[in-house]
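**Q** Next up is a structure, given as structure tokens.
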Amino acid sequence: MKHATLVAAGLLVIAGNVQGQAQLKLNEQGYFEAPGLNVTVFADIYPDGHQTGVTVIQHGERVAANGDLRLEPSPGQWSPMPAGDGKPVVDVATGTVTQALRYPDESKNRKGFNPIVYPDLAFGYRVSVTPMEGYAFKVSVDLDKPLPADWEGKVGFNFELFPTDLFGKSWLLDDASGIFPRQANGPVQDVHGQLIATPMASGRTLVVAPESDLQRLKIHSRTGRLELLDGRGTMNNGWYVVREITRPGATKEAVSWIVTPHVDPDWRYAPVVQVSQVGYRPGQAKTVVIEQDKRDGRADPLTLYRMTESGARQVARYEPKPWGRFLRYQYLTADLDAVTEPGMYELEYRGRRTHAFRIADDVYDRGVWQPTLEYFLPAQMCHMRVTENYRTWHGLDHQDDARMAQVGVHFDGYDQGPDMLSRYRPGDRVPGLTSGGWHDAGDYDLRVESQMGTVWLLAKMVEEFGLDYDTTTIDQARKEARLLRPDGVNDALQQIEHGLLSVLGGYRALGRTYRGIIEPTLEQYVLLGEVATQTDNLDYDPALAPGARTATSSSVPDDRWVFTEDNPDRELATAAGLATAARVLRQHNPQMAAEALAAAVDLTARAIDRGTKVDAQVFALSELARSTGDAAYVARLVAMKPRIVAAIDKTGPLLAEALPLVKDAAFLREVDAAVQAHQAKLAEAATHTPYGVPYVPHIWGAGWDIQKFGVDQYFFRKAWPQHTPDTLQMQALNFVLGVHPGNRTESFASGVGANSAVVAYGTNRGDWSYIPGGVISGTALIRPDLPELKVWPYFWQQREYVIGGGAENFMFLALAAAQRGSLLKRPTSAPGR
């Protein structure tokens, strides 16, 4: 029977009925639960990110995951992984949850976003979890049929232990013992063609962290020997792995374990007070959220302290209001709106203090949005040497860009069709691509949508807020950027130029926009560290003898590839960004402005009738209407009224720019009604979480989506203030700054606020470091209901930086919040110097 059927039949007490002394019971969410312990069985969908399989959540922390059969001792991101056959099934008689799986996963076998090369091996199996006495549970693996003889001894059950919380803790494995090391250590051995760190020990019974009552976990094998491996010996982002090879020739219980987590039955999730890491303006809404154990319904006083020269002084006490249940917690809220006196404050709840936060008119005016412009964007600049006083962020890179891509599926979503859509053939050098652009994220590719998303947002910040800020020297002739060294030119305009150097360079050479520029090999793609080492900066010349090089050429084919595509919707979005940039560059760089506008007009003319996404069409037409004053673009928008109204959630913010140019009364009336209905729907949806914004993560944390949502609300408010309060926009900013689910209340913006994400998935993640002003993806959802933000630099789904929206949307929201502050007083009609 499926879990849903069991819910309807009222049979969710079966685990307790079958195992008289078993503490683990299936709950309404479909996973095993006891006070202080949860066990999920393939409840999640993301093995690539260590996020599915048999999973243990012990005292509120996910300690182990991805319990499943794997073909390698230490799998990586591009290793073969199974596909699930349907959803987990519950056996009423035994209380067992079983997931059927199979190899290969045909959706990933040499195809898809990141193609995986599977071996010639096909088999099916089932992983089952059964509650046992106390807090123990049994894990069993049953094969549909015996493995082929040449695969015996190679396939095993892997159970991954999260590393960070185990550093320095001990382990016991039969008579062996040791410490979980901070870094992977040798020796190294070859196991069936894979180099791995030699197992730390092997035996029948492993005890993890025996010294810690909240972490102790015992694994006993009933069928074979366990090996304790350090997966980081193969991949930097690996976890500790407990592995057992399937029994030769076996089908039933090819692997069988008893797992016994130690549990404190009196444990309760400690209350978490969530408040902005930066603070608030005096007149701003200030909703504090308190997150408690779901069994904890008590609302104790919340005390506010103001910092004085003689220490903290109590200034107010609040009775938090119960909000109700969300995810796995109970929530309370408190309203601090009446606190308007400028100063530094702290909150105390049940004897625990928060960080200090500020209330002041200029709270967003320094050290909030600036680090994105001062540090993050310069550090991401491609084709430049980037320095900061004594520090070199990275050397001059990718002066050998770029060669036309080879036909076929690549990785990271790149796929070159058989038509190059240009005069170049695979392997040809495409000129004009050795300047400009930003590295996309924790990797080093240049996606056109990321480049133009950054350009558009910077241009809008110049237009909307009069952004004029200079702390960086940007010298394109010398290909050098120097942080904290002003050069007398608006950094925002210089960064816009930098993005356009790449996109317009590609447009000149190809006669169209590129899809993106990326490394030719996975070995280059996974680089951790100095980007200047990714290539030799010399043009590849196949005519040179192997190993030969000249002052300008090399026989090493390490040059990045440039991809093209026929994607009219992406071309329209590019055109919109170009048209916006043209407006703000007219005074500063009229030649580049004219070229950008001409390209925008051309791309739109070629793509507008082939585009399928109404928001992309509205985006291009709106920005071009504003940039050119051509009434034909406005007429086209008016003709699209039914489609615009039907998709007002997407089209509304993009239409805002052109709305003052529209004179058609029927159009304005129907769009106004659609916006009013949409905003009413959003206001109602905001009541579904204690945070006042939608929190619906898929794989990545929802922070980027919530920032984008906040920016959209800004433009709704700009065009339709009668229907759009600034509440959702400000709540989105507060979410990023620390008012978000989970026990880690850090600001998603690195280096911003009292506590922030200073371990991040950026280009320096191998050093467990960060880039100020980068904004991580944020708190992810471990299905079905655990919000998680772990300190682990290799979780791209929780801690990755990106350009084209992540950091720049945060910067936009912070600037919008600062509008009433002291910094931005200059009229927006004259952007730039």
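Residues are named by chain letter and number: chains run A, B, ... in the order of the structure tokens, numbers start at 1 in each chain, and ligands are numbered from 1 in the order shown.
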Extract, using only C-alpha atoms, all DNA, RNA and protein residues at most 9 Å from region 96-101 of chain A, discarding same-chain residues fewer than 5 positions from it, and format them as a list in words.
**A**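 Near region 96-101 of chain A, the qualifying residues are Ala15, Tyr31, Val41, Phe42, Gly53, Pro82, Ala83, Gly84, Asp85, Gly86, Lys87, Pro88, Val89, Val90, Asp91, Phe123, Gly124, Tyr125, Arg126, Val127, Ser128, Val129, Thr130 and Pro131 of chain A.
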**Q** What residues in region 550-758 of chain A get the DSSP label strand (DSSP E)? Please answer as a PyMOL selection string.
**A** chain A and resi 553-554+561-563
**Q** Write the residues of the preceding selection, restricted to all heavy atoms, as a PDB file, in the first residue's frame.
**A**
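Resulting contents of out.pdb:
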ATOM      1  N   SER A 553      51.177  30.995 -29.140  1.00  0.00           N
ATOM      2  CA  SER A 553      50.451  29.765 -29.464  1.00  0.00           C
ATOM      3  C   SER A 553      50.996  28.583 -28.688  1.00  0.00           C
ATOM      4  O   SER A 553      52.129  28.592 -28.216  1.00  0.00           O
ATOM      5  CB  SER A 553      50.539  29.470 -30.970  1.00  0.00           C
ATOM      6  OG  SER A 553      50.003  30.539 -31.718  1.00  0.00           O
ATOM      7  N   SER A 554      50.136  27.551 -28.573  1.00  0.00           N
ATOM      8  CA  SER A 554      50.499  26.355 -27.831  1.00  0.00           C
ATOM      9  C   SER A 554      49.867  25.152 -28.497  1.00  0.00           C
ATOM     10  O   SER A 554      48.858  25.265 -29.187  1.00  0.00           O
ATOM     11  CB  SER A 554      50.012  26.472 -26.379  1.00  0.00           C
ATOM     12  OG  SER A 554      50.081  25.240 -25.704  1.00  0.00           O
ATOM     13  N   TRP A 561      35.546  26.726 -25.143  1.00  0.00           N
ATOM     14  CA  TRP A 561      34.671  26.630 -26.305  1.00  0.00           C
ATOM     15  C   TRP A 561      33.557  27.667 -26.190  1.00  0.00           C
ATOM     16  O   TRP A 561      33.057  27.963 -25.108  1.00  0.00           O
ATOM     17  CB  TRP A 561      34.017  25.245 -26.380  1.00  0.00           C
ATOM     18  CG  TRP A 561      34.957  24.130 -26.724  1.00  0.00           C
ATOM     19  CD1 TRP A 561      36.275  24.224 -27.055  1.00  0.00           C
ATOM     20  CD2 TRP A 561      34.625  22.734 -26.749  1.00  0.00           C
ATOM     21  NE1 TRP A 561      36.794  22.986 -27.294  1.00  0.00           N
ATOM     22  CE2 TRP A 561      35.809  22.043 -27.125  1.00  0.00           C
ATOM     23  CE3 TRP A 561      33.469  22.008 -26.507  1.00  0.00           C
ATOM     24  CZ2 TRP A 561      35.844  20.662 -27.244  1.00  0.00           C
ATOM     25  CZ3 TRP A 561      33.502  20.633 -26.632  1.00  0.00           C
ATOM     26  CH2 TRP A 561      34.677  19.960 -27.003  1.00  0.00           C
ATOM     27  N   VAL A 562      33.145  28.204 -27.350  1.00  0.00           N
ATOM     28  CA  VAL A 562      31.986  29.079 -27.405  1.00  0.00           C
ATOM     29  C   VAL A 562      30.870  28.323 -28.108  1.00  0.00           C
ATOM     30  O   VAL A 562      31.074  27.697 -29.147  1.00  0.00           O
ATOM     31  CB  VAL A 562      32.308  30.414 -28.128  1.00  0.00           C
ATOM     32  CG1 VAL A 562      32.842  30.199 -29.533  1.00  0.00           C
ATOM     33  CG2 VAL A 562      31.069  31.311 -28.151  1.00  0.00           C
ATOM     34  N   PHE A 563      29.679  28.372 -27.524  1.00  0.00           N
ATOM     35  CA  PHE A 563      28.507  27.663 -28.034  1.00  0.00           C
ATOM     36  C   PHE A 563      27.514  28.660 -28.621  1.00  0.00           C
ATOM     37  O   PHE A 563      27.393  29.797 -28.145  1.00  0.00           O
ATOM     38  CB  PHE A 563      27.819  26.895 -26.907  1.00  0.00           C
ATOM     39  CG  PHE A 563      28.547  25.665 -26.453  1.00  0.00           C
ATOM     40  CD1 PHE A 563      29.715  25.761 -25.718  1.00  0.00           C
ATOM     41  CD2 PHE A 563      28.068  24.400 -26.768  1.00  0.00           C
ATOM     42  CE1 PHE A 563      30.389  24.626 -25.296  1.00  0.00           C
ATOM     43  CE2 PHE A 563      28.733  23.260 -26.349  1.00  0.00           C
ATOM     44  CZ  PHE A 563      29.899  23.374 -25.612  1.00  0.00           C
TER      45      PHE A 563
END
**Q** I'd like the neighbourhood of Ala360 (chain A) as a VMD selection string, where a residue qualifies if any of its atoms comes within 6 Å (using only C-alpha atoms), though same-chain residues fewer than 4 positions away should be ignored.
**A** chain A and resid 281 to 282 342
**Q** Counting only C-alpha atoms, which residues in region 450-542 of chain A sit no more than 8 Å from region 586-603 of chain A? For each one, give the nearest pair of atoms and the distance in Å, sorted by chain then residue number, as JSON lines.
**A**
{"residue": "A:Leu493", "atom": "CA", "partner": "A:His588", "partner_atom": "CA", "distance": 7.7}
{"residue": "A:Glu497", "atom": "CA", "partner": "A:Met592", "partner_atom": "CA", "distance": 7.9}
{"residue": "A:Leu500", "atom": "CA", "partner": "A:Ala596", "partner_atom": "CA", "distance": 7.9}
{"residue": "A:Leu504", "atom": "CA", "partner": "A:Ala596", "partner_atom": "CA", "distance": 7.2}
{"residue": "A:Tyr507", "atom": "CA", "partner": "A:Ala599", "partner_atom": "CA", "distance": 7.9}
{"residue": "A:Arg512", "atom": "CA", "partner": "A:Leu603", "partner_atom": "CA", "distance": 7.6}
**Q** For Val662 (chain A), which residue among A:Tyr540, A:Tyr633, A:Phe795, A:Tyr390 is the nearest when counting only C-alpha atoms?
**A** A:Tyr633
**Q** What are the closest atom pairs, with distances in Å to one decimal, for each residue of region 525-578 of chain A lying within 12 Å of region 366-387 of chain A, using only C-alpha atoms, rows by chain and rising residue number, as CSV?
**A**
residue,atom,partner,partner_atom,distance
A:Glu530,CA,A:Arg385,CA,11.0
A:Val531,CA,A:Cys382,CA,9.0
A:Ala532,CA,A:Arg385,CA,8.8
A:Thr535,CA,A:His383,CA,11.8
A:Asn537,CA,A:His383,CA,9.9
**Q** Keeping only all heavy atoms, write the selected residues to a file as a PDB file, in the first residue's frame.
**A**
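Once written, selection_29.pdb looks like this:
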ATOM      1  N   GLU A 530      42.969  29.199  -8.454  1.00  0.00           N
ATOM      2  CA  GLU A 530      43.407  30.268  -9.348  1.00  0.00           C
ATOM      3  C   GLU A 530      42.947  30.029 -10.782  1.00  0.00           C
ATOM      4  O   GLU A 530      43.400  29.115 -11.467  1.00  0.00           O
ATOM      5  CB  GLU A 530      44.928  30.381  -9.283  1.00  0.00           C
ATOM      6  CG  GLU A 530      45.564  31.312 -10.306  1.00  0.00           C
ATOM      7  CD  GLU A 530      45.006  32.726 -10.231  1.00  0.00           C
ATOM      8  OE1 GLU A 530      45.446  33.475  -9.342  1.00  0.00           O
ATOM      9  OE2 GLU A 530      44.152  33.062 -11.065  1.00  0.00           O
ATOM     10  N   VAL A 531      42.029  30.880 -11.249  1.00  0.00           N
ATOM     11  CA  VAL A 531      41.456  30.693 -12.577  1.00  0.00           C
ATOM     12  C   VAL A 531      42.483  30.891 -13.674  1.00  0.00           C
ATOM     13  O   VAL A 531      42.349  30.344 -14.769  1.00  0.00           O
ATOM     14  CB  VAL A 531      40.258  31.651 -12.772  1.00  0.00           C
ATOM     15  CG1 VAL A 531      40.710  33.105 -12.766  1.00  0.00           C
ATOM     16  CG2 VAL A 531      39.513  31.338 -14.053  1.00  0.00           C
ATOM     17  N   ALA A 532      43.548  31.645 -13.398  1.00  0.00           N
ATOM     18  CA  ALA A 532      44.569  31.868 -14.427  1.00  0.00           C
ATOM     19  C   ALA A 532      45.305  30.582 -14.789  1.00  0.00           C
ATOM     20  O   ALA A 532      46.025  30.553 -15.791  1.00  0.00           O
ATOM     21  CB  ALA A 532      45.570  32.927 -13.955  1.00  0.00           C
ATOM     22  N   THR A 535      43.728  27.647 -18.162  1.00  0.00           N
ATOM     23  CA  THR A 535      44.296  27.487 -19.501  1.00  0.00           C
ATOM     24  C   THR A 535      45.700  28.098 -19.486  1.00  0.00           C
ATOM     25  O   THR A 535      46.105  28.737 -18.511  1.00  0.00           O
ATOM     26  CB  THR A 535      43.448  28.197 -20.580  1.00  0.00           C
ATOM     27  OG1 THR A 535      43.631  29.615 -20.459  1.00  0.00           O
ATOM     28  CG2 THR A 535      41.977  27.870 -20.440  1.00  0.00           C
ATOM     29  N   ASN A 537      46.581  30.454 -21.542  1.00  0.00           N
ATOM     30  CA  ASN A 537      46.450  31.802 -22.087  1.00  0.00           C
ATOM     31  C   ASN A 537      47.075  31.943 -23.472  1.00  0.00           C
ATOM     32  O   ASN A 537      47.247  33.058 -23.963  1.00  0.00           O
ATOM     33  CB  ASN A 537      47.049  32.861 -21.146  1.00  0.00           C
ATOM     34  CG  ASN A 537      46.065  33.309 -20.078  1.00  0.00           C
ATOM     35  OD1 ASN A 537      44.868  33.111 -20.205  1.00  0.00           O
ATOM     36  ND2 ASN A 537      46.576  33.911 -19.024  1.00  0.00           N
TER      37      ASN A 537
END
**Q** Compare A:Glu227, A:Glu623, A:Asp190, A:Glu684 by their minimum atom-to-atom distance to Glu244 (chain A), counting only C-alpha atoms, and give me the closest one.
**A**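 For Glu244 (chain A), the nearest of the given residues is A:Glu227.
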**Q** List the neighbours of Asp44 (chain A) out to 7 Å using only C-alpha atoms; skip same-chain residues closer than 5 positions along the sequence, and give me the result as a ChimeraX atom specification.
**A** /A:51-52,782-783
**Q** Using only C-alpha atoms, which residue out of A:Ile803, A:Val638, A:Gln23, A:Tyr280 lies closest to Asp361 (chain A)?
**A** A:Tyr280
